[in-house]
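Text of entry21.txt, listed as compact mmCIF, C-alpha atoms and all ligand atoms:
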# COMPACT_ATOMS: atom_id res chain seq x y z
CA MET A 23 98.72 102.94 92.33
CA GLU A 24 99.38 103.30 96.06
CA TYR A 25 96.55 102.79 98.59
CA PHE A 26 95.34 104.18 101.92
CA ASN A 27 93.99 101.72 104.51
CA LEU A 28 90.46 102.55 105.65
CA ASN A 29 89.26 102.02 109.23
CA ASP A 30 86.95 99.16 108.14
CA GLY A 31 89.80 97.10 106.64
CA ASN A 32 89.16 98.12 103.01
CA LYS A 33 91.71 99.95 100.85
CA ILE A 34 91.29 103.03 98.66
CA PRO A 35 93.57 104.40 95.92
CA LYS A 36 95.64 107.34 97.18
CA LEU A 37 94.44 109.66 94.41
CA GLY A 38 91.08 109.71 92.64
CA PHE A 39 89.33 111.05 89.56
CA GLY A 40 86.51 113.52 90.28
CA ALA A 41 83.72 113.03 87.77
CA MET A 42 81.78 116.22 88.41
CA ILE A 43 81.57 116.76 84.66
CA LYS A 44 78.73 118.25 82.63
CA GLY A 45 77.36 116.37 79.63
CA ASP A 46 76.87 112.63 79.21
CA GLU A 47 79.27 112.13 76.32
CA GLU A 48 82.01 114.20 77.95
CA THR A 49 81.57 112.32 81.25
CA GLU A 50 81.61 108.87 79.66
CA SER A 51 84.72 109.53 77.60
CA ALA A 52 86.55 111.33 80.46
CA VAL A 53 85.89 108.42 82.86
CA ALA A 54 87.05 105.82 80.32
CA GLU A 55 90.10 107.96 79.51
CA ALA A 56 90.93 108.49 83.20
CA ILE A 57 90.84 104.74 83.85
CA SER A 58 93.03 104.11 80.82
CA ALA A 59 95.44 106.79 82.16
CA GLY A 60 95.73 104.79 85.42
CA TYR A 61 93.03 106.12 87.80
CA ARG A 62 91.34 103.42 89.86
CA LEU A 63 89.10 105.65 92.02
CA ILE A 64 86.10 107.35 90.37
CA ASP A 65 84.02 109.83 92.37
CA THR A 66 80.48 110.80 91.34
CA ALA A 67 77.19 111.74 93.05
CA ALA A 68 73.46 111.49 92.40
CA ILE A 69 73.25 115.30 92.16
CA TYR A 70 75.84 115.38 89.34
CA GLN A 71 73.14 113.62 87.27
CA ASN A 72 75.78 111.68 85.37
CA GLU A 73 75.82 108.28 87.10
CA ARG A 74 74.63 106.51 83.91
CA ALA A 75 77.48 108.06 81.89
CA VAL A 76 79.98 107.23 84.66
CA GLY A 77 78.80 103.60 84.61
CA ARG A 78 79.19 103.45 80.82
CA GLY A 79 82.69 104.96 81.06
CA ILE A 80 83.68 102.29 83.60
CA LYS A 81 82.40 99.51 81.31
CA GLN A 82 84.03 101.11 78.26
CA SER A 83 87.42 101.08 80.04
CA GLY A 84 87.48 97.28 79.97
CA ILE A 85 89.14 97.17 83.41
CA PRO A 86 87.56 94.53 85.70
CA ARG A 87 85.02 95.93 88.16
CA ASP A 88 86.90 94.69 91.22
CA GLN A 89 89.92 96.79 90.26
CA ILE A 90 87.95 100.06 90.24
CA PHE A 91 86.85 101.86 93.41
CA VAL A 92 83.51 103.61 92.78
CA THR A 93 82.11 106.33 95.06
CA THR A 94 78.69 107.92 94.80
CA LYS A 95 76.73 110.17 97.17
CA LEU A 96 73.26 110.54 98.65
CA TRP A 97 71.63 113.90 97.95
CA LEU A 98 69.96 115.79 100.76
CA GLN A 99 66.34 115.62 99.68
CA ASP A 100 66.73 111.87 99.90
CA THR A 101 67.74 111.55 103.55
CA GLY A 102 65.76 109.39 105.98
CA TYR A 103 65.65 105.59 106.20
CA ASP A 104 63.29 104.64 103.35
CA ALA A 105 64.35 107.46 101.04
CA THR A 106 68.01 106.52 101.42
CA LYS A 107 67.36 102.88 100.54
CA ARG A 108 65.29 103.94 97.53
CA GLU A 109 67.81 106.52 96.31
CA PHE A 110 70.73 104.17 96.80
CA GLU A 111 69.00 101.55 94.60
CA GLY A 112 68.45 104.32 92.00
CA SER A 113 72.17 105.16 92.00
CA LEU A 114 73.10 101.50 91.69
CA GLU A 115 70.71 101.02 88.76
CA ARG A 116 71.94 104.20 87.00
CA LEU A 117 75.59 103.17 87.47
CA GLY A 118 74.77 99.68 86.17
CA LEU A 119 76.60 98.09 89.12
CA ASP A 120 75.62 95.58 91.79
CA TYR A 121 77.61 97.28 94.57
CA VAL A 122 79.48 100.52 95.23
CA ASP A 123 82.78 100.69 97.06
CA LEU A 124 81.89 103.85 98.98
CA TYR A 125 78.59 105.62 99.61
CA LEU A 126 78.70 109.10 101.14
CA ILE A 127 76.11 111.35 102.73
CA HIS A 128 76.76 114.38 100.52
CA LYS A 129 75.95 117.15 103.03
CA PRO A 130 75.54 117.18 106.83
CA TRP A 131 71.91 118.31 106.55
CA GLY A 132 68.49 116.61 106.60
CA ASN A 133 67.76 113.35 108.39
CA THR A 134 71.31 112.02 108.27
CA PHE A 135 70.89 109.74 111.32
CA ASP A 136 68.20 107.61 109.69
CA SER A 137 70.16 107.67 106.43
CA TRP A 138 73.15 106.25 108.26
CA GLU A 139 70.97 103.44 109.70
CA ALA A 140 69.83 102.59 106.15
CA MET A 141 73.42 102.67 104.90
CA GLN A 142 74.54 100.33 107.69
CA ASP A 143 71.81 97.89 106.57
CA LEU A 144 72.81 98.21 102.89
CA GLN A 145 76.39 97.48 103.90
CA LYS A 146 75.26 94.31 105.70
CA GLU A 147 73.49 93.26 102.46
CA GLY A 148 76.83 93.66 100.61
CA LYS A 149 75.59 96.47 98.37
CA ILE A 150 78.01 99.04 99.84
CA LYS A 151 81.57 98.13 100.85
CA SER A 152 82.37 101.25 102.91
CA LEU A 153 80.33 104.09 104.40
CA GLY A 154 81.36 107.72 104.61
CA VAL A 155 80.29 111.36 104.72
CA SER A 156 81.08 114.60 102.96
CA ASN A 157 81.30 118.17 104.22
CA PHE A 158 80.84 117.18 107.87
CA TYR A 159 82.60 119.39 110.42
CA PRO A 160 84.27 117.60 113.35
CA ASP A 161 81.35 118.22 115.76
CA GLN A 162 78.82 116.81 113.27
CA LEU A 163 81.04 113.81 112.57
CA MET A 164 81.52 113.06 116.28
CA ASP A 165 77.75 113.30 116.79
CA LEU A 166 77.24 110.68 114.04
CA MET A 167 80.06 108.49 115.38
CA VAL A 168 78.92 108.34 119.00
CA HIS A 169 75.35 107.39 118.07
CA HIS A 170 76.07 104.62 115.55
CA GLU A 171 77.70 101.24 115.24
CA VAL A 172 79.72 102.01 112.09
CA THR A 173 82.27 104.86 111.98
CA PRO A 174 82.57 106.68 108.63
CA VAL A 175 85.73 105.67 106.76
CA ILE A 176 86.03 109.02 104.94
CA ASP A 177 85.01 112.65 105.21
CA GLN A 178 85.21 114.33 101.79
CA ILE A 179 85.80 118.04 102.37
CA GLU A 180 86.98 121.07 100.43
CA ASN A 181 90.75 121.20 100.72
CA ASN A 182 93.21 123.38 98.81
CA PRO A 183 96.04 125.77 99.71
CA LEU A 184 93.58 128.67 100.08
CA PHE A 185 91.17 126.72 102.32
CA GLN A 186 93.23 124.20 104.26
CA GLN A 187 90.80 123.30 107.07
CA ASN A 188 93.74 122.20 109.21
CA TYR A 189 91.57 121.73 112.28
CA SER A 190 89.29 119.30 110.41
CA VAL A 191 92.21 117.48 108.77
CA LYS A 192 93.88 116.96 112.16
CA PHE A 193 90.61 115.81 113.74
CA LEU A 194 90.02 113.30 110.91
CA ASN A 195 93.57 111.95 111.02
CA ASP A 196 93.45 111.70 114.85
CA ASN A 197 90.18 109.74 114.64
CA ASN A 198 91.27 107.40 111.84
CA VAL A 199 88.76 108.83 109.36
CA GLN A 200 90.44 109.36 105.97
CA PRO A 201 90.29 113.02 104.82
CA GLU A 202 89.51 113.29 101.09
CA ALA A 203 89.83 116.60 99.21
CA TRP A 204 87.44 118.11 96.73
CA LEU A 205 88.37 121.30 94.82
CA PRO A 206 92.14 120.68 95.20
CA PHE A 207 92.96 123.38 92.64
CA ALA A 208 90.21 125.69 93.87
CA HIS A 209 88.68 125.52 90.38
CA ALA A 210 92.04 126.24 88.77
CA LYS A 211 90.94 129.86 88.36
CA SER A 212 91.42 131.32 91.82
CA GLY A 213 95.12 131.70 91.36
CA VAL A 214 96.21 128.53 93.19
CA LEU A 215 98.08 127.19 90.17
CA ASP A 216 99.55 130.64 89.38
CA ASN A 217 100.47 131.38 92.97
CA GLN A 218 104.09 132.52 93.18
CA THR A 219 104.96 130.31 96.18
CA ILE A 220 103.58 127.24 94.45
CA THR A 221 105.09 127.95 91.02
CA GLN A 222 108.48 128.56 92.65
CA ILE A 223 108.36 125.26 94.56
CA ALA A 224 107.28 123.53 91.33
CA GLU A 225 110.22 125.00 89.42
CA GLU A 226 112.67 123.83 92.09
CA HIS A 227 111.41 120.23 91.71
CA ASN A 228 111.02 120.45 87.93
CA LYS A 229 107.33 119.69 88.43
CA GLN A 230 104.03 121.44 87.66
CA PRO A 231 102.14 123.62 90.19
CA GLY A 232 99.22 121.16 90.18
CA GLN A 233 101.56 118.30 91.06
CA VAL A 234 102.92 120.31 94.01
CA VAL A 235 99.37 120.94 95.30
CA LEU A 236 98.43 117.26 95.01
CA LEU A 237 101.59 116.16 96.83
CA TRP A 238 101.03 118.81 99.53
CA LEU A 239 97.61 117.19 100.13
CA LEU A 240 99.08 113.68 100.21
CA GLN A 241 101.83 114.69 102.65
CA ARG A 242 99.08 115.89 105.02
CA ASN A 243 97.47 112.44 104.60
CA VAL A 244 94.65 113.91 102.49
CA LEU A 245 93.40 111.93 99.48
CA PRO A 246 93.02 114.26 96.46
CA LEU A 247 90.14 114.00 93.98
CA VAL A 248 91.08 115.75 90.80
CA LYS A 249 89.08 116.33 87.65
CA SER A 250 90.25 117.06 84.14
CA VAL A 251 88.76 116.32 80.75
CA HIS A 252 92.23 116.48 79.14
CA ARG A 253 94.26 113.28 78.84
CA GLN A 254 97.67 114.91 79.35
CA ARG A 255 96.47 116.67 82.53
CA MET A 256 94.99 113.37 83.79
CA ILE A 257 98.42 111.77 83.35
CA ASP A 258 100.30 114.72 84.87
CA ASN A 259 98.00 114.79 87.90
CA LEU A 260 98.79 111.13 88.63
CA ASN A 261 102.51 111.71 88.38
CA VAL A 262 103.09 112.89 91.96
CA PHE A 263 104.59 109.89 93.71
CA ASP A 264 108.21 110.48 92.73
CA PHE A 265 109.18 113.59 94.72
CA GLU A 266 108.90 115.01 98.23
CA LEU A 267 108.18 118.43 99.70
CA SER A 268 110.43 119.56 102.55
CA ASP A 269 109.08 120.83 105.88
CA LYS A 270 110.05 124.34 104.76
CA GLU A 271 108.02 123.98 101.54
CA MET A 272 105.05 122.51 103.45
CA ASN A 273 105.16 125.53 105.78
CA GLN A 274 105.39 127.97 102.87
CA ILE A 275 102.18 126.49 101.46
CA LYS A 276 100.62 126.49 104.93
CA SER A 277 101.04 130.27 105.01
CA LEU A 278 98.72 130.63 101.96
CA ASP A 279 95.61 129.65 103.95
CA THR A 280 92.84 132.29 103.70
CA HIS A 281 90.50 130.26 105.96
CA THR A 282 87.76 130.96 103.41
CA SER A 283 85.93 128.45 101.24
CA GLN A 284 86.66 128.83 97.53
CA PHE A 285 83.23 127.36 96.64
CA TYR A 286 80.62 128.03 99.30
CA ASP A 287 80.67 128.00 103.06
CA HIS A 288 78.83 124.96 104.44
CA ARG A 289 78.25 126.90 107.67
CA ASP A 290 76.51 129.81 105.89
CA PRO A 291 72.72 129.59 106.57
CA ALA A 292 71.93 131.22 103.21
CA ALA A 293 73.99 128.53 101.42
CA VAL A 294 72.27 125.77 103.42
CA LYS A 295 68.87 127.14 102.36
CA ARG A 296 69.85 127.64 98.71
CA ILE A 297 71.51 124.24 98.26
CA SER A 298 68.68 122.45 100.05
CA GLU A 299 66.45 123.53 97.17
CA TRP A 300 68.61 121.80 94.50
CA LYS A 301 66.98 118.72 93.06
CA ALA A 302 68.34 116.10 90.71
CA ASN A 303 66.29 115.30 87.57
CA PHE A 304 67.11 111.89 86.19
N1 LIG B 401 81.62 116.54 98.06
C1 LIG B 401 81.38 117.73 97.52
O1 LIG B 401 80.57 118.52 98.05
C2 LIG B 401 82.10 118.12 96.25
C3 LIG B 401 81.98 119.42 95.75
C4 LIG B 401 82.68 119.73 94.58
C5 LIG B 401 83.48 118.76 93.96
N2 LIG B 401 83.54 117.47 94.47
C6 LIG B 401 84.39 116.40 93.81
O2 LIG B 401 85.73 116.85 93.73
C7 LIG B 401 86.19 116.76 92.38
C8 LIG B 401 87.26 117.81 92.12
O3 LIG B 401 86.73 119.11 92.27
P1 LIG B 401 86.69 120.16 91.06
O4 LIG B 401 86.80 119.39 89.80
O5 LIG B 401 85.51 121.04 91.15
O6 LIG B 401 87.86 121.15 91.38
P2 LIG B 401 89.40 121.36 91.09
O7 LIG B 401 90.10 120.05 91.06
O8 LIG B 401 89.85 122.35 92.05
O9 LIG B 401 89.46 122.00 89.67
C9 LIG B 401 89.25 121.28 88.54
C10 LIG B 401 89.65 122.18 87.37
O10 LIG B 401 91.07 122.16 87.22
C11 LIG B 401 91.43 121.97 85.87
N3 LIG B 401 92.66 121.17 85.88
C12 LIG B 401 92.78 119.86 86.20
N4 LIG B 401 94.07 119.46 86.12
C13 LIG B 401 94.78 120.55 85.74
C14 LIG B 401 96.16 120.78 85.51
N5 LIG B 401 97.05 119.81 85.64
N6 LIG B 401 96.54 122.05 85.15
C15 LIG B 401 95.64 123.02 85.02
N7 LIG B 401 94.31 122.87 85.23
C16 LIG B 401 93.89 121.64 85.59
C17 LIG B 401 90.25 121.26 85.23
O11 LIG B 401 90.01 121.74 83.94
P3 LIG B 401 90.02 120.76 82.66
O12 LIG B 401 88.97 119.70 82.88
O13 LIG B 401 89.69 121.68 81.54
O14 LIG B 401 91.41 120.18 82.59
C18 LIG B 401 89.05 121.66 86.13
O15 LIG B 401 88.31 122.69 85.56
C19 LIG B 401 84.90 116.88 91.55
O16 LIG B 401 85.04 116.41 90.24
C20 LIG B 401 83.94 116.04 92.40
O17 LIG B 401 84.13 114.67 92.14
C21 LIG B 401 82.87 117.15 95.59

When written as structure tokens, how does the structure in this file appear?
Amino acid sequence: MEYFNLNDGNKIPKLGFGAMIKGDEETESAVAEAISAGYRLIDTAAIYQNERAVGRGIKQSGIPRDQIFVTTKLWLQDTGYDATKREFEGSLERLGLDYVDLYLIHKPWGNTFDSWEAMQDLQKEGKIKSLGVSNFYPDQLMDLMVHHEVTPVIDQIENNPLFQQNYSVKFLNDNNVQPEAWLPFAHAKSGVLDNQTITQIAEEHNKQPGQVVLLWLLQRNVLPLVKSVHRQRMIDNLNVFDFELSDKEMNQIKSLDTHTSQFYDHRDPAAVKRISEWKANF
């Protein structure tokens, strides 16, 4: 596995396994299977309500803890200094771990400033190795950066050929904050993997459309998180480090941008209101 260097001196695998999977048994076996297939970065979140199953999958894999990079995320009802400390301890207990490699503020809403203070303190205690955010736009990220001691190492944002967020990706790369992509295949049902431009590029390289999308992300210095519950797809999705896309091919994919989220728009007030009502039940 190749690694990206983070701005705090830590390293992160260049491609990760997204564990947003429903069902405890399915999550546990998919995580163990993904690690056995070669993944060393596992991404979960308190709101996925599967941290216990993720922790069991990690143990079941038999791979030593220090060789696996574990990310989890703070949900938005739990922002604020005390709530963040309490919720972080809950995540740690559910995962069955004594530290996480990366802890992210899941959404740029709520009392994120006090959450960040709590996270800085948890990092000093050695319970979190690296601190990051998710779904922050450049202005929100800069606001957090200028008011705090620790700069986020990562911003995990939606990124796929239909929603490329090139302005955010450039801002993150310019500011040494690693961009990480969720929804790389835009749910695999929006046509990304059937798109004629992508299938044609895949054919020319004797590769699969999904592999082309993952490499397109990597060549823009974006770390892909990809989920599959199928072993062969897990293996195929890792097999992207042996070919290269030309500038022409990168530009062909660039032209597919619709500038529209394929999930929900984090700047839409109705979405902010709706999602702010979601609660995790453990
Ligand atoms: N920070 C956030 O706000 C946020 C939001 C959403 C997601 N995430 C993270 O990002 C991860 C990835 O997002 P996602 O899983 O929703 O989206 P995605 O990667 O765009 O799509 C995943 C879908 O693609 C299918 N798939 C995987 N490999 C394939 C292949 N080689 N060929 C064809 N289909 C394939 C999977 O189905 P099968 O399982 O049936 O193979 C799965 O249903 C999540 O698991 C989660 O960790 C973060």

What do you get as an MDAnalysis selection string if you pick all residues at most 7 Å from ligand LIG 401 (chain B), counting all atoms listed in the file?
chainID A and resid 39:43 65:66 128:129 156:157 178:179 203:210 232 247:252 255:256 258:259

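One distance worth recording is that between CA of Lys276 in chain A and CA of Pro183 in chain A, which is 7.0 Å.
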
With all atoms listed in the file as the counted atoms, please give the residues lying no more than 10 Å from Gln145 in chain A, apart from itself and same-chain residues fewer than 6 positions off, as a VMD selection string.
chain A and resid 121 to 125 139 151 to 153 172

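When only C-alpha atoms are used to compute distances to Glu271 in chain A, the closest of the residues A:Tyr61, A:Trp238, A:Trp300, A:Tyr286 turns out to be A:Trp238.
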
Within 10 Å of Lys33 in chain A using all atoms listed in the file, minus same-chain residues under 6 positions, as a PyMOL selection string
chain A and resi 24-27+91+123+152

Could those residues be written to a file, using C-alpha atoms, as an mmCIF file, keeping the file's coordinate frame?
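Contents of the output file again_15.cif:
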data_model
loop_
_atom_site.group_PDB
_atom_site.id
_atom_site.type_symbol
_atom_site.label_atom_id
_atom_site.label_comp_id
_atom_site.auth_asym_id
_atom_site.auth_seq_id
_atom_site.Cartn_x
_atom_site.Cartn_y
_atom_site.Cartn_z
ATOM 1 C CA GLU A 24 99.380 103.300 96.060
ATOM 2 C CA TYR A 25 96.550 102.790 98.590
ATOM 3 C CA PHE A 26 95.340 104.180 101.920
ATOM 4 C CA ASN A 27 93.990 101.720 104.510
ATOM 5 C CA PHE A 91 86.850 101.860 93.410
ATOM 6 C CA ASP A 123 82.780 100.690 97.060
ATOM 7 C CA SER A 152 82.370 101.250 102.910
#

Of A:Ala75, A:Asp143, A:Asp161, A:His170, the one sitting nearest Tyr189 in chain A when using only C-alpha atoms is A:Asp161

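Residues with any atom within 10 Å of Gln241 in chain A, counting all atoms listed in the file and excluding same-chain neighbours fewer than 3 positions away, are A:Val235, A:Leu236, A:Leu237, A:Trp238, A:Val244, A:Leu245, A:Glu266, A:Leu267, A:Ser268, A:Met272.
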
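CA of Asp88 in chain A is positioned 24.8 Å from CA of Trp138 in chain A.
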
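Here CA of Gly31 in chain A is placed at a distance of 23.8 Å from CA of Thr134 in chain A.
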
Build an axis-aligned box that encloses every atom of range 215-232 of chain A listed in the file, pad it by 6 Å on each side, and report its centre and edge lengths in Å to one decimal, as AutoDock Vina command-line options.
--center_x 105.4 --center_y 126.1 --center_z 91.9 --size_x 26.6 --size_y 24.8 --size_z 20.5

Could you list, as a ChimeraX atom specification, every residue within 9 Å of Tyr103 in chain A, counting all atoms listed in the file and ignoring same-chain residues fewer than 5 positions away?
/A:108,133-141

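The environment of Leu278 in chain A within 9 Å, counting all atoms listed in the file and disregarding residues fewer than 6 places along the same chain, consists of A:Pro183, A:Leu184, A:Phe185, A:Gln186, A:Thr219.
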
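For the residues A:Phe285, A:Ala302, A:Val262, A:Thr221, ranking by smallest atom-to-atom distance to Glu109 in chain A using only C-alpha atoms places A:Ala302 first.
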
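Remark: for Gly45 in chain A, the closest of the candidate residues A:Leu114, A:Val76, A:Met164, A:Val92 is A:Val76 (distances computed over all atoms listed in the file).
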
Of the candidates A:Glu47, A:Asp287, A:Glu226, A:Glu73, which shows the shortest atom-to-atom distance to Arg116 in chain A, using only C-alpha atoms?
A:Glu73

For Ser51 in chain A, the closest of A:Ile80, A:Leu28, A:Leu63, A:Val175 counting all atoms listed in the file is A:Ile80
